[in-house]
There are 2 protein chains.
Amino acid sequence: MTFSDTVRAALDNKTKPVGSLGVIESLARQIAEVQQSLTPSAERCTLTIFAADHGMAAAGVSAFPSEVTRQMVLNFLSGGAAANVFARSTGANVQVVDAGVLGAPIEHPDLIQKRVAPGTRNAITEPAMSADQLEAALAAGDEIGRSLTCEVACFGEMGIGNTSSASLVSAKTLGLPIDALIGRGTGLDDAGLARKADLLAQAAQRTLTILDARTALQEYGGFEIAMMCGAMMAASETGRLVIIDGFIASAAALCALKLRPECAANFIYAHCSAESGHRRVLDAIQARPLLDLDLRLGEGTGALLAWPLVKAAAAMLREMASFESAGVSGPG
Amino acid sequence: MTFSDTVRAALDNKTKPVGSLGVIESLARQIAEVQQSLTPSAERCTLTIFAADHGMAAAGVSAFPSEVTRQMVLNFLSGGAAANVFARSTGANVQVVDAGVLGAPIEHPDLIQKRVAPGTRNAITEPAMSADQLEAALAAGDEIGRSLTCEVACFGEMGIGNTSSASLVSAKTLGLPIDALIGRGTGLDDAGLARKADLLAQAAQRTLTILDARTALQEYGGFEIAMMCGAMMAASETGRLVIIDGFIASAAALCALKLRPECAANFIYAHCSAESGHRRVLDAIQARPLLDLDLRLGEGTGALLAWPLVKAAAAMLREMASFESAGVSGPG
């Protein structure tokens, strides 16, 4: 009997009709495989939020000004953002990383300092980062992913302009037309959306239809997306469950899957975002997200809301009685 | 400014793009309205599981024998069932009610004793309960609903044969053909499903196409469904949020909505079950369930899995910083 057969038998012996916990049972199987355990645990969860700015933002791809990235980093550090509230509500830890916020370095004892540069270049007209900057971002992510001490790693992001970056990285990695992956981001109106679509079409024209993940990240990525990609790979490699948040996190996940396909075993998709294009990306990697709540905030908020399901799935396999142990009759 | 306008303004002032938390924002509005508070709370949750047996089970409507109801009551009391595991995982309390389990009374210090009778009569050929029994079940539910001390009430059930009861109660309450609401329950095969459909068609023929909620419960209900209905009404009336679990809980909720329409303000629909027919019931009451995870276990398991979303929604409105308080710029 293979380990997966053993897991399946253990689940089928729990005091419930076979398969009656649906997706929770699939999750339990995935968690058991990742931890190679019939008594798995998903009790400890850390959200790491990567923040960085985008040269493209100055061209007008977002409804919000770039200064909001820095302001939101301070909001994360003082515990007032949605991600903080959801982390407290679910019992997760939060850490915040400066991956490349515009302006002078932010001085704060709790901020993890991994600034590659104060924002990327304008990817509409030139590569967002140099090859060295990409490697620095991936390496910083790798270090952060390896330093985690939880079973469950959530990764979130903050960066004005980063739905544009995610659209371009995803389109080029998948070889899809950029139009299919453009959405309203933080809330563009129709005119703003048309302007964003024009700018991203220009940006997309600069390069081939399909790019390898490293090139896509260098040409169009944000430092936060590249760093998240590195962290996702390292967290997977070190045996953690990785909950993939929304549209922007999915762009990082796409790149991680290209660079290290074994990540697929560890990735759990939190939700399908209301950001147009996310469904296309999820379909392309055959991901079945756990939630569908019209979220489009990022920060890892969707991943945090999915964590209780992951925790419950592990607990179900670990703690539920079997038909024999509980003296319950089977069907028939 | 009405209270709902005030709530909407408070949500729109939180440090996030307007509407970007989707369904979580709708939930926060509902919770604020129920509690009439801009700092609402959904921190304490109790699951009450009602167990009872069904005369119909002896006719062969279920894949499991009736003795499983009693065995599962003992499993709930010793903490080994899925509902117990999910309650521990999410931090909810569990209480178990004998609403009418077959056989002698179960002696256990933690069991809440509200037995109406040792199982209903066979609803395929006669009314499941007398008018007095229905009133006793509703009254016991009322008492339990009023005695809760939590903000969030989840109600679950256990009763071999109770998807049949729920199908009949729902069909008659909504005036739908019974065929539309029959499913595999705990896991009938095709032959079992055909037998169940025949039996339920016989049962449905005994009465008019559409019945008032009391008559539907008396003719086809289980004691656990009627008691749950009473508890849902009382919990709503006393200002609690009520999370509606799966197909069987929805039959109780349907009756509660007919008997006390104001319940709609307090009801939150946890999930769309894999039990065929649940979607029809949810559509009929225009419910948008939070989760869609192919669950079909009952016991309140789906309600417990939805509670962290409710808790997070309340926390979001209560604790998130505003643009002013966090010094974050708005769109522009």
# chains A, B, ... in the order shown; residues from 1 in each chain; ligands from 1
>>> residues_around(residues="range 235-240 of chain A", least_positions_apart="4", cutoff="6 Å", atoms="only C-alpha atoms", output="list in words")
Gly145, Arg146, Glu151, Val152, Ala231, Cys263 and Asn266 of chain A
>>> interface_residues(of="chain B", to="chain A", cutoff="8 Å", atoms="only C-alpha atoms", output="CSV table (one decimal) with N, CA, C and O atoms, in the first residue's frame")
chain,number,residue,atom,x,y,z
B,15,THR,N,-8.9,51.6,5.2
B,15,THR,CA,-7.7,51.7,4.3
B,15,THR,C,-7.7,50.5,3.3
B,15,THR,O,-6.9,49.6,3.4
B,16,LYS,N,-8.5,50.6,2.3
B,16,LYS,CA,-8.6,49.6,1.2
B,16,LYS,C,-9.4,50.3,0.1
B,16,LYS,O,-10.2,51.2,0.3
B,17,PRO,N,-9.2,49.8,-1.2
B,17,PRO,CA,-10.1,50.3,-2.2
B,17,PRO,C,-11.6,50.0,-1.9
B,17,PRO,O,-11.8,48.9,-1.3
B,18,VAL,N,-12.5,50.9,-2.2
B,18,VAL,CA,-13.9,50.7,-1.9
B,18,VAL,C,-14.4,49.4,-2.5
B,18,VAL,O,-14.2,49.1,-3.6
B,20,SER,N,-13.4,46.4,-2.0
B,20,SER,CA,-12.4,45.4,-2.4
B,20,SER,C,-12.4,44.2,-1.5
B,20,SER,O,-11.7,43.2,-1.8
B,21,LEU,N,-13.2,44.2,-0.5
B,21,LEU,CA,-13.3,43.0,0.3
B,21,LEU,C,-14.6,42.2,0.0
B,21,LEU,O,-15.0,41.3,0.7
B,22,GLY,N,-15.3,42.6,-1.1
B,22,GLY,CA,-16.4,41.9,-1.6
B,22,GLY,C,-17.4,41.4,-0.6
B,22,GLY,O,-18.0,42.2,0.1
B,23,VAL,N,-17.6,40.1,-0.6
B,23,VAL,CA,-18.6,39.5,0.3
B,23,VAL,C,-18.3,39.7,1.8
B,23,VAL,O,-19.3,39.8,2.6
B,24,ILE,N,-17.1,39.9,2.1
B,24,ILE,CA,-16.7,40.2,3.5
B,24,ILE,C,-17.3,41.5,3.9
B,24,ILE,O,-17.8,41.7,5.1
B,63,ALA,N,-28.5,4.9,3.2
B,63,ALA,CA,-27.4,3.9,3.1
B,63,ALA,C,-27.0,3.4,4.5
B,63,ALA,O,-26.4,2.3,4.6
B,64,PHE,N,-27.3,4.1,5.6
B,64,PHE,CA,-26.9,3.7,6.9
B,64,PHE,C,-28.1,3.3,7.8
B,64,PHE,O,-29.2,3.8,7.6
B,65,PRO,N,-27.9,2.4,8.7
B,65,PRO,CA,-29.0,2.0,9.6
B,65,PRO,C,-29.2,3.0,10.7
B,65,PRO,O,-28.3,3.8,11.1
B,67,GLU,N,-29.4,2.9,13.8
B,67,GLU,CA,-28.6,2.8,15.1
B,67,GLU,C,-27.4,3.8,15.0
B,67,GLU,O,-26.8,4.2,16.0
B,68,VAL,N,-27.0,4.2,13.8
B,68,VAL,CA,-25.9,5.2,13.6
B,68,VAL,C,-26.2,6.5,14.3
B,68,VAL,O,-25.3,7.2,14.8
B,71,GLN,N,-25.2,6.1,17.8
B,71,GLN,CA,-23.7,6.0,17.9
B,71,GLN,C,-23.0,7.3,17.7
B,71,GLN,O,-22.0,7.6,18.3
B,72,MET,N,-23.6,8.1,16.8
B,72,MET,CA,-23.0,9.4,16.5
B,72,MET,C,-23.2,10.4,17.6
B,72,MET,O,-22.3,11.2,17.9
B,75,ASN,N,-20.4,9.7,19.8
B,75,ASN,CA,-19.2,10.2,19.1
B,75,ASN,C,-19.1,11.7,19.4
B,75,ASN,O,-18.0,12.2,19.7
B,80,GLY,N,-15.2,13.0,19.0
B,80,GLY,CA,-14.5,12.4,17.8
B,80,GLY,C,-15.1,12.7,16.5
B,80,GLY,O,-14.5,12.2,15.5
B,81,ALA,N,-16.2,13.3,16.4
B,81,ALA,CA,-16.8,13.6,15.1
B,81,ALA,C,-16.2,14.8,14.4
B,81,ALA,O,-15.5,15.6,15.0
B,82,ALA,N,-16.5,14.9,13.1
B,82,ALA,CA,-16.0,16.0,12.3
B,82,ALA,C,-16.4,17.3,12.9
B,82,ALA,O,-15.6,18.3,13.0
B,85,VAL,N,-14.1,18.2,15.8
B,85,VAL,CA,-12.8,18.6,15.3
B,85,VAL,C,-12.8,20.0,14.8
B,85,VAL,O,-12.0,20.8,15.1
B,86,PHE,N,-13.8,20.3,13.9
B,86,PHE,CA,-13.9,21.7,13.4
B,86,PHE,C,-14.2,22.7,14.5
B,86,PHE,O,-13.7,23.8,14.4
B,89,SER,N,-10.9,23.3,16.1
B,89,SER,CA,-10.0,24.0,15.2
B,89,SER,C,-10.4,25.4,15.1
B,89,SER,O,-9.5,26.3,15.0
B,90,THR,N,-11.6,25.8,15.1
B,90,THR,CA,-12.0,27.2,15.0
B,90,THR,C,-12.3,27.9,16.3
B,90,THR,O,-12.4,29.1,16.3
B,186,THR,N,-26.3,10.2,2.5
B,186,THR,CA,-25.0,9.7,3.0
B,186,THR,C,-24.3,8.9,1.9
B,186,THR,O,-23.2,8.4,2.2
B,187,GLY,N,-24.9,8.6,0.8
B,187,GLY,CA,-24.1,7.9,-0.3
B,187,GLY,C,-24.8,6.8,-0.9
B,187,GLY,O,-24.2,5.7,-1.1
B,290,LEU,N,-21.6,31.3,1.5
B,290,LEU,CA,-20.2,31.8,1.6
B,290,LEU,C,-19.2,30.8,1.0
B,290,LEU,O,-18.2,31.2,0.4
B,291,LEU,N,-19.5,29.5,1.1
B,291,LEU,CA,-18.5,28.5,0.7
B,291,LEU,C,-19.2,27.5,-0.3
B,291,LEU,O,-20.4,27.3,-0.3
B,292,ASP,N,-18.4,26.9,-1.1
B,292,ASP,CA,-18.8,25.9,-2.1
B,292,ASP,C,-17.7,24.8,-2.1
B,292,ASP,O,-16.8,24.9,-2.9
B,293,LEU,N,-17.8,23.9,-1.2
B,293,LEU,CA,-16.7,23.0,-1.0
B,293,LEU,C,-17.1,21.5,-1.1
B,293,LEU,O,-16.4,20.6,-0.7
B,294,ASP,N,-18.2,21.3,-1.8
B,294,ASP,CA,-18.7,19.9,-2.0
B,294,ASP,C,-18.9,19.2,-0.7
B,294,ASP,O,-18.8,17.9,-0.6
B,295,LEU,N,-19.3,19.9,0.4
B,295,LEU,CA,-19.6,19.2,1.6
B,295,LEU,C,-21.0,18.6,1.6
B,295,LEU,O,-21.9,19.1,0.9
B,296,ARG,N,-21.1,17.5,2.2
B,296,ARG,CA,-22.5,16.9,2.4
B,296,ARG,C,-22.5,16.0,3.6
B,296,ARG,O,-23.0,14.9,3.6
B,297,LEU,N,-22.0,16.5,4.7
B,297,LEU,CA,-21.9,15.8,5.9
B,297,LEU,C,-23.0,16.2,7.0
B,297,LEU,O,-23.5,15.4,7.7
B,305,LEU,N,-17.1,25.9,9.5
B,305,LEU,CA,-16.1,26.3,8.5
B,305,LEU,C,-16.3,27.7,8.0
B,305,LEU,O,-15.4,28.4,7.6
B,308,PRO,N,-15.2,31.5,10.7
B,308,PRO,CA,-14.1,32.4,10.7
B,308,PRO,C,-14.3,33.6,9.7
B,308,PRO,O,-13.7,34.6,9.9
B,309,LEU,N,-15.0,33.4,8.6
B,309,LEU,CA,-15.3,34.5,7.7
B,309,LEU,C,-16.2,35.5,8.4
B,309,LEU,O,-16.0,36.7,8.2
B,311,LYS,N,-16.5,36.0,11.6
B,311,LYS,CA,-15.7,36.6,12.7
B,311,LYS,C,-14.7,37.7,12.1
B,311,LYS,O,-14.6,38.8,12.6
B,312,ALA,N,-14.1,37.3,11.0
B,312,ALA,CA,-13.2,38.3,10.3
B,312,ALA,C,-13.9,39.5,9.8
B,312,ALA,O,-13.4,40.6,9.8
B,315,ALA,N,-14.6,41.8,12.7
B,315,ALA,CA,-13.3,42.4,13.1
B,315,ALA,C,-12.8,43.5,12.1
B,315,ALA,O,-12.3,44.5,12.6
B,316,MET,N,-13.1,43.2,10.9
B,316,MET,CA,-12.7,44.2,9.9
B,316,MET,C,-13.4,45.6,10.1
B,316,MET,O,-12.7,46.6,10.2
B,319,GLU,N,-12.1,46.9,13.7
B,319,GLU,CA,-10.6,47.2,14.0
B,319,GLU,C,-9.8,47.9,12.9
B,319,GLU,O,-8.7,48.4,13.2
B,320,MET,N,-10.3,47.8,11.7
B,320,MET,CA,-9.4,48.4,10.6
B,320,MET,C,-9.3,49.9,10.7
B,320,MET,O,-10.2,50.6,11.1
B,321,ALA,N,-8.1,50.4,10.4
B,321,ALA,CA,-7.8,51.8,10.4
B,321,ALA,C,-8.6,52.5,9.2
B,321,ALA,O,-8.9,51.9,8.2
B,326,ALA,N,-4.9,56.4,9.6
B,326,ALA,CA,-3.6,55.8,9.3
B,326,ALA,C,-2.8,56.7,8.4
B,326,ALA,O,-1.6,56.4,8.0
B,327,GLY,N,-3.3,57.9,8.0
B,327,GLY,CA,-2.6,58.8,7.2
B,327,GLY,C,-2.3,58.3,5.8
B,327,GLY,O,-1.2,58.4,5.2
B,328,VAL,N,-3.3,57.6,5.2
B,328,VAL,CA,-3.1,57.0,3.9
B,328,VAL,C,-3.9,57.8,2.9
B,328,VAL,O,-5.1,58.2,3.2
B,329,SER,N,-3.3,58.1,1.7
B,329,SER,CA,-4.0,58.9,0.7
B,329,SER,C,-5.0,58.1,0.0
B,329,SER,O,-4.9,56.9,-0.2
B,330,GLY,N,-6.1,58.8,-0.4
B,330,GLY,CA,-7.1,58.1,-1.2
B,330,GLY,C,-6.8,58.1,-2.6
B,330,GLY,O,-5.7,58.5,-3.0
B,331,PRO,N,-7.7,57.6,-3.5
B,331,PRO,CA,-7.4,57.5,-4.9
B,331,PRO,C,-7.3,58.9,-5.4
B,331,PRO,O,-7.9,59.9,-4.9
B,332,GLY,N,-6.5,59.1,-6.5
B,332,GLY,CA,-6.4,60.5,-7.0
B,332,GLY,C,-5.2,60.5,-7.9
B,332,GLY,O,-5.1,61.2,-8.8
>>> atom_distance(atom1="CA of Ile210 in chain A", atom2="CA of Pro118 in chain A")
28.1 Å
>>> select_by_dssp(residues="range 80-155 of chain A", states="helix (DSSP H, G or I)", output="PyMOL selection string")
chain A and resi 82-90+131-146
>>> atom_distance(atom1="CA of Ile182 in chain A", atom2="CA of Gly222 in chain A")
16.4 Å
>>> residues_around(residues="Val96 in chain A", least_positions_apart="4", cutoff="10 Å", atoms="only C-alpha atoms", output="ChimeraX atom specification")
/A:47-51,73-74,76-77,110-113,156-158
>>> residues_around(residues="Gln36 in chain A", least_positions_apart="5", cutoff="10 Å", atoms="only C-alpha atoms", output="short mmCIF file (atom, residue, chain, number, x, y, z; two decimals) with N, CA, C and O atoms, in the first residue's frame")
data_model
loop_
_atom_site.label_atom_id
_atom_site.label_comp_id
_atom_site.auth_asym_id
_atom_site.auth_seq_id
_atom_site.Cartn_x
_atom_site.Cartn_y
_atom_site.Cartn_z
N PHE A 3 1.81 5.34 0.36
CA PHE A 3 1.40 6.30 1.39
C PHE A 3 0.06 6.93 1.02
O PHE A 3 -0.80 7.13 1.89
N SER A 4 -0.16 7.28 -0.26
CA SER A 4 -1.47 7.87 -0.60
C SER A 4 -2.61 6.92 -0.36
O SER A 4 -3.69 7.37 0.03
N VAL A 7 -3.35 7.08 3.32
CA VAL A 7 -4.07 8.30 3.67
C VAL A 7 -5.54 8.17 3.28
O VAL A 7 -6.44 8.49 4.07
N ARG A 29 -5.65 15.29 2.12
CA ARG A 29 -4.72 14.40 1.40
C ARG A 29 -3.46 15.16 0.99
O ARG A 29 -2.34 14.67 1.14
N GLN A 30 -3.65 16.38 0.48
CA GLN A 30 -2.50 17.17 0.05
C GLN A 30 -1.57 17.48 1.23
O GLN A 30 -0.35 17.34 1.15
N ILE A 31 -2.16 17.86 2.36
CA ILE A 31 -1.37 18.20 3.54
C ILE A 31 -0.62 16.97 4.05
O ILE A 31 0.57 17.05 4.40
N GLY A 239 9.25 22.26 2.98
CA GLY A 239 8.17 21.42 3.47
C GLY A 239 6.95 22.13 4.00
O GLY A 239 6.11 21.52 4.67
#
>>> closest_residue(among="B:Ala191, B:Ala166, B:Met228, B:Ala123", to="Ala204 in chain B", atoms="only C-alpha atoms")
B:Ala123
>>> residues_around(residues="Cys229 in chain A", least_positions_apart="2", cutoff="6 Å", atoms="only C-alpha atoms", output="PyMOL selection string")
chain A and resi 226-227+231-232+252+256
>>> write_last_selection(atoms="C-alpha atoms", output="PDB file, in the first residue's frame")
ATOM      1  CA  ALA A 226      10.064  38.427  -7.601  1.00  0.00           C
ATOM      2  CA  MET A 227      10.804  38.220  -3.870  1.00  0.00           C
ATOM      3  CA  ALA A 231       9.949  32.868  -0.903  1.00  0.00           C
ATOM      4  CA  MET A 232       7.264  30.564  -2.326  1.00  0.00           C
ATOM      5  CA  ALA A 252       4.550  35.021  -8.443  1.00  0.00           C
ATOM      6  CA  ALA A 256       7.672  29.683  -9.054  1.00  0.00           C
TER       7      ALA A 256
END
>>> closest_residue(among="B:Val94, B:Ala136, B:Ala194, B:Ile244", to="Arg44 in chain B", atoms="only C-alpha atoms")
B:Val94
>>> closest_residue(among="B:Gly103, B:Cys255, B:Phe155, B:Phe223", to="Lys172 in chain B", atoms="only C-alpha atoms")
B:Cys255
>>> select_by_dssp(residues="range 38-86 of chain B", states="strand (DSSP E or B)", output="number ranges by chain")
B: 45-52
>>> write_last_selection(atoms="N, CA and C atoms", output="compact mmCIF listing (two decimals), in the first residue's frame")
# COMPACT_ATOMS: atom_id res chain seq x y z
N CYS B 45 -18.85 31.57 19.40
CA CYS B 45 -19.71 30.76 18.55
C CYS B 45 -20.04 29.44 19.25
N THR B 46 -21.32 29.08 19.24
CA THR B 46 -21.73 27.78 19.76
C THR B 46 -22.44 26.98 18.67
N LEU B 47 -22.00 25.75 18.52
CA LEU B 47 -22.72 24.83 17.64
C LEU B 47 -23.62 23.96 18.50
N THR B 48 -24.90 23.95 18.18
CA THR B 48 -25.84 23.04 18.84
C THR B 48 -26.24 21.97 17.82
N ILE B 49 -25.98 20.70 18.18
CA ILE B 49 -26.32 19.60 17.27
C ILE B 49 -27.58 18.90 17.79
N PHE B 50 -28.60 18.85 16.97
CA PHE B 50 -29.85 18.18 17.31
C PHE B 50 -29.87 16.80 16.65
N ALA B 51 -30.13 15.76 17.45
CA ALA B 51 -30.17 14.40 16.91
C ALA B 51 -31.54 13.79 17.09
N ALA B 52 -32.00 13.10 16.05
CA ALA B 52 -33.28 12.39 16.16
C ALA B 52 -33.38 11.34 15.07
>>> decode(residues="range 215-266 of chain B", atoms="C-alpha atoms", output="tab-separated table (two decimals), in the first residue's frame")
chain	number	residue	atom	x	y	z
B	215	THR	CA	-48.03	21.35	8.45
B	216	ALA	CA	-44.94	20.47	6.39
B	217	LEU	CA	-42.96	19.89	9.59
B	218	GLN	CA	-45.72	17.83	11.17
B	219	GLU	CA	-46.26	15.67	8.09
B	220	TYR	CA	-42.61	15.13	7.11
B	221	GLY	CA	-40.30	16.73	9.61
B	222	GLY	CA	-37.90	15.17	11.98
B	223	PHE	CA	-37.86	16.27	15.59
B	224	GLU	CA	-34.32	17.59	15.00
B	225	ILE	CA	-35.50	19.70	12.06
B	226	ALA	CA	-38.46	21.15	13.94
B	227	MET	CA	-36.35	21.82	17.02
B	228	MET	CA	-33.66	23.46	14.90
B	229	CYS	CA	-36.35	25.64	13.33
B	230	GLY	CA	-37.47	26.77	16.79
B	231	ALA	CA	-33.89	27.44	17.86
B	232	MET	CA	-33.14	29.44	14.69
B	233	MET	CA	-36.14	31.68	15.31
B	234	ALA	CA	-35.28	32.23	18.97
B	235	ALA	CA	-31.60	32.87	18.29
B	236	SER	CA	-32.58	35.45	15.67
B	237	GLU	CA	-35.14	37.08	17.89
B	238	THR	CA	-32.55	37.47	20.65
B	239	GLY	CA	-30.13	39.24	18.28
B	240	ARG	CA	-27.72	36.49	17.35
B	241	LEU	CA	-26.18	35.80	13.97
B	242	VAL	CA	-27.38	32.40	12.80
B	243	ILE	CA	-25.18	30.45	10.40
B	244	ILE	CA	-27.25	28.03	8.33
B	245	ASP	CA	-25.40	24.80	7.58
B	246	GLY	CA	-26.31	22.45	4.71
B	247	PHE	CA	-29.35	20.89	3.09
B	248	ILE	CA	-31.11	19.74	6.25
B	249	ALA	CA	-30.46	22.92	8.19
B	250	SER	CA	-31.79	24.83	5.18
B	251	ALA	CA	-35.10	22.97	5.44
B	252	ALA	CA	-35.35	24.16	9.04
B	253	ALA	CA	-34.33	27.67	7.95
B	254	LEU	CA	-37.02	27.68	5.25
B	255	CYS	CA	-39.67	26.92	7.86
B	256	ALA	CA	-38.23	29.54	10.22
B	257	LEU	CA	-38.40	32.14	7.44
B	258	LYS	CA	-42.04	31.29	6.79
B	259	LEU	CA	-42.97	31.39	10.48
B	260	ARG	CA	-40.89	34.47	11.32
B	261	PRO	CA	-39.79	36.37	8.17
B	262	GLU	CA	-37.60	38.78	10.21
B	263	CYS	CA	-35.15	35.88	10.64
B	264	ALA	CA	-33.80	36.74	7.19
B	265	ALA	CA	-31.84	39.64	8.69
B	266	ASN	CA	-29.90	37.28	10.99
